[in-house]
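Note sheet for the following structure.
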Amino acid sequence: MSAPSAPQHPVTVRMFRQRLSATPRGARLARRLAVGQLNAWRIPYGSDVSEAVAMIVAELAANAVTHGRVPGRDFELRLGLMTGSVRVEVTDSRSGPRPPGPMDVQAPSPLAESGRGLLVVDAVADRWEVLDREPPGKTVRAEVDVPGRLPRVRQM
């Protein structure tokens, strides 16, 4: 009789981490840094994965700047090249109500001028979630599968 196998966790192959000013300029820079880092990891500009990550970073960074901004505090972008996927994490310092999670995102009214960012993340990411952070703040984590790499074993 053999022992039951332990759940396997994804193996992080590469990491990127950058703090950015909670301004529109910081949000634009986050997107540029993300696609540049993916290219350095041999996920080329313009590929489906690169485009998906660019959209996710753009939306999450814009949300961090617009809704998660605390004067004098930055937001943080983290990228991880995992076995089978790219993980994107954007962390801000604002406490208070959390944004809706994957099962709670609702479309705004057709004439609304905002409120579609998490719908884009929900449509483009293979998995995503909202996490509380200590000290106050939150992290939105999203993953995009990378075809041709070993598939993920664990669900978020």
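Starting from 1 in every chain, residues are counted up; chains themselves are A, B, ... following the order of the structure tokens, and ligands are numbered from 1 as listed.
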
Could you pull the residues within 9 Å of range 34-44 of chain A, counting only C-alpha atoms, minus those fewer than 5 positions along the same chain, as number ranges by chain? A: 14, 16, 29, 49-51, 53-54, 57, 77-79, 81, 86, 88, 146

Create the file for the chosen residues now, containing all heavy atoms and written as a tab-separated table (two decimals), in the first residue's frame.
chain	number	residue	atom	x	y	z
A	14	ARG	N	10.05	32.18	-12.28
A	14	ARG	CA	10.60	33.53	-12.29
A	14	ARG	C	9.65	34.48	-11.56
A	14	ARG	O	8.44	34.29	-11.56
A	14	ARG	CB	10.75	34.04	-13.72
A	14	ARG	CG	11.59	33.18	-14.62
A	14	ARG	CD	13.01	33.70	-14.64
A	14	ARG	NE	13.97	32.73	-15.08
A	14	ARG	CZ	14.27	32.45	-16.33
A	14	ARG	NH1	13.65	33.04	-17.30
A	14	ARG	NH2	15.19	31.57	-16.62
A	16	PHE	N	8.90	38.87	-10.72
A	16	PHE	CA	9.14	40.29	-10.98
A	16	PHE	C	8.27	41.06	-9.99
A	16	PHE	O	7.11	40.72	-9.79
A	16	PHE	CB	8.75	40.66	-12.42
A	16	PHE	CG	8.82	42.13	-12.70
A	16	PHE	CD1	10.01	42.72	-13.02
A	16	PHE	CD2	7.67	42.91	-12.62
A	16	PHE	CE1	10.08	44.09	-13.29
A	16	PHE	CE2	7.72	44.27	-12.87
A	16	PHE	CZ	8.92	44.86	-13.21
A	29	LEU	N	2.84	52.75	-16.75
A	29	LEU	CA	4.16	52.12	-16.63
A	29	LEU	C	4.03	50.65	-16.22
A	29	LEU	O	4.79	49.80	-16.70
A	29	LEU	CB	5.02	52.89	-15.62
A	29	LEU	CG	6.44	52.38	-15.41
A	29	LEU	CD1	7.23	52.34	-16.72
A	29	LEU	CD2	7.14	53.25	-14.38
A	49	VAL	N	-0.90	35.37	-24.74
A	49	VAL	CA	-0.62	35.48	-23.31
A	49	VAL	C	-0.19	36.90	-22.96
A	49	VAL	O	-0.67	37.49	-21.99
A	49	VAL	CB	0.44	34.45	-22.87
A	49	VAL	CG1	0.88	34.68	-21.43
A	49	VAL	CG2	-0.10	33.03	-23.05
A	50	SER	N	0.70	37.48	-23.76
A	50	SER	CA	1.17	38.83	-23.51
A	50	SER	C	0.02	39.84	-23.57
A	50	SER	O	-0.10	40.73	-22.71
A	50	SER	CB	2.26	39.21	-24.51
A	50	SER	OG	2.72	40.52	-24.28
A	51	GLU	N	-0.84	39.69	-24.56
A	51	GLU	CA	-1.98	40.60	-24.70
A	51	GLU	C	-2.95	40.46	-23.52
A	51	GLU	O	-3.48	41.44	-23.01
A	51	GLU	CB	-2.71	40.36	-26.02
A	51	GLU	CG	-1.89	40.75	-27.24
A	51	GLU	CD	-1.64	42.25	-27.33
A	51	GLU	OE1	-2.57	43.03	-27.06
A	51	GLU	OE2	-0.51	42.62	-27.68
A	53	VAL	N	-2.24	39.37	-20.43
A	53	VAL	CA	-1.60	39.93	-19.23
A	53	VAL	C	-1.61	41.46	-19.30
A	53	VAL	O	-1.88	42.13	-18.30
A	53	VAL	CB	-0.18	39.37	-19.04
A	53	VAL	CG1	0.59	40.14	-17.98
A	53	VAL	CG2	-0.24	37.88	-18.70
A	54	ALA	N	-1.35	42.02	-20.48
A	54	ALA	CA	-1.37	43.48	-20.63
A	54	ALA	C	-2.74	44.05	-20.27
A	54	ALA	O	-2.82	45.07	-19.56
A	54	ALA	CB	-0.99	43.87	-22.06
A	57	VAL	N	-3.23	43.68	-16.38
A	57	VAL	CA	-2.43	44.66	-15.64
A	57	VAL	C	-3.00	46.06	-15.82
A	57	VAL	O	-3.10	46.82	-14.85
A	57	VAL	CB	-0.94	44.59	-16.06
A	57	VAL	CG1	-0.16	45.77	-15.50
A	57	VAL	CG2	-0.32	43.28	-15.62
A	77	LEU	N	3.04	45.93	-8.27
A	77	LEU	CA	2.80	44.96	-9.33
A	77	LEU	C	3.75	43.79	-9.12
A	77	LEU	O	4.95	44.00	-8.93
A	77	LEU	CB	3.08	45.59	-10.70
A	77	LEU	CG	3.15	44.63	-11.89
A	77	LEU	CD1	1.78	44.00	-12.17
A	77	LEU	CD2	3.68	45.35	-13.12
A	78	ARG	N	3.21	42.59	-9.12
A	78	ARG	CA	4.03	41.38	-9.05
A	78	ARG	C	3.62	40.46	-10.18
A	78	ARG	O	2.44	40.27	-10.46
A	78	ARG	CB	3.84	40.66	-7.71
A	78	ARG	CG	4.49	41.36	-6.55
A	78	ARG	CD	4.42	40.56	-5.26
A	78	ARG	NE	3.07	40.24	-4.83
A	78	ARG	CZ	2.28	41.05	-4.13
A	78	ARG	NH1	2.69	42.24	-3.79
A	78	ARG	NH2	1.07	40.66	-3.77
A	79	LEU	N	4.62	39.91	-10.84
A	79	LEU	CA	4.41	38.92	-11.89
A	79	LEU	C	5.16	37.66	-11.51
A	79	LEU	O	6.28	37.75	-10.99
A	79	LEU	CB	4.94	39.40	-13.24
A	79	LEU	CG	4.37	40.69	-13.80
A	79	LEU	CD1	5.15	41.09	-15.04
A	79	LEU	CD2	2.90	40.52	-14.13
A	81	LEU	N	6.15	33.83	-13.23
A	81	LEU	CA	6.07	32.82	-14.29
A	81	LEU	C	6.04	31.49	-13.58
A	81	LEU	O	7.03	31.06	-12.99
A	81	LEU	CB	7.27	32.92	-15.24
A	81	LEU	CG	7.28	31.93	-16.39
A	81	LEU	CD1	6.04	32.09	-17.26
A	81	LEU	CD2	8.54	32.14	-17.22
A	86	VAL	N	1.08	32.40	-16.06
A	86	VAL	CA	1.64	33.67	-15.58
A	86	VAL	C	0.68	34.20	-14.52
A	86	VAL	O	-0.53	34.27	-14.76
A	86	VAL	CB	1.78	34.71	-16.71
A	86	VAL	CG1	2.21	36.06	-16.16
A	86	VAL	CG2	2.75	34.22	-17.77
A	88	VAL	N	-0.42	37.36	-12.13
A	88	VAL	CA	-0.38	38.82	-11.98
A	88	VAL	C	-1.00	39.15	-10.63
A	88	VAL	O	-2.08	38.67	-10.31
A	88	VAL	CB	-1.20	39.51	-13.10
A	88	VAL	CG1	-1.25	41.01	-12.87
A	88	VAL	CG2	-0.66	39.17	-14.47
A	146	VAL	N	-0.37	29.42	-19.90
A	146	VAL	CA	0.60	29.53	-20.98
A	146	VAL	C	0.60	28.21	-21.75
A	146	VAL	O	1.08	27.20	-21.22
A	146	VAL	CB	2.01	29.85	-20.44
A	146	VAL	CG1	3.00	29.97	-21.60
A	146	VAL	CG2	2.01	31.11	-19.61

Closest of A:Glu76, A:Asp132, A:Asp122, A:Asp48 to Ala30 in chain A - atom-to-atom distances counting only C-alpha atoms: A:Glu76

Record the distance separating CA of Gly26 in chain A and CA of Arg141 in chain A, expressed in Å with one decimal.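 Rounded to one decimal, the two atoms are 18.5 Å apart.
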
From a DSSP calculation on the backbone, collect every residue of range 59-115 of chain A in strand (DSSP E or B) and output the set as a ChimeraX atom specification. /A:75-82,85-92

Can I get the selection written as an mmCIF file, in the first residue's frame, with C-alpha atoms?
data_model
loop_
_atom_site.group_PDB
_atom_site.id
_atom_site.type_symbol
_atom_site.label_atom_id
_atom_site.label_comp_id
_atom_site.auth_asym_id
_atom_site.auth_seq_id
_atom_site.Cartn_x
_atom_site.Cartn_y
_atom_site.Cartn_z
ATOM 1 C CA PHE A 75 0.731 50.267 -5.426
ATOM 2 C CA GLU A 76 2.668 47.113 -6.209
ATOM 3 C CA LEU A 77 2.801 44.958 -9.332
ATOM 4 C CA ARG A 78 4.029 41.381 -9.049
ATOM 5 C CA LEU A 79 4.410 38.921 -11.892
ATOM 6 C CA GLY A 80 5.252 35.263 -11.541
ATOM 7 C CA LEU A 81 6.069 32.824 -14.294
ATOM 8 C CA MET A 82 4.636 29.643 -12.847
ATOM 9 C CA SER A 85 0.771 30.041 -16.172
ATOM 10 C CA VAL A 86 1.643 33.673 -15.578
ATOM 11 C CA ARG A 87 0.410 35.104 -12.281
ATOM 12 C CA VAL A 88 -0.378 38.815 -11.983
ATOM 13 C CA GLU A 89 -0.863 40.468 -8.592
ATOM 14 C CA VAL A 90 -1.699 44.121 -8.025
ATOM 15 C CA THR A 91 -1.771 45.319 -4.415
ATOM 16 C CA ASP A 92 -3.011 48.656 -3.093
#

Which of range 8-154 of chain A fall in helix (DSSP H, G or I), as a ChimeraX atom specification: /A:24-40,48-66,117-124

For a test of reading the model, state the distance in Å between CA of Pro135 in chain A and CA of Ala61 in chain A, rounded to one decimal. 19.3 Å

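CA of Pro136 in chain A is positioned 22.7 Å from CA of Ala58 in chain A.
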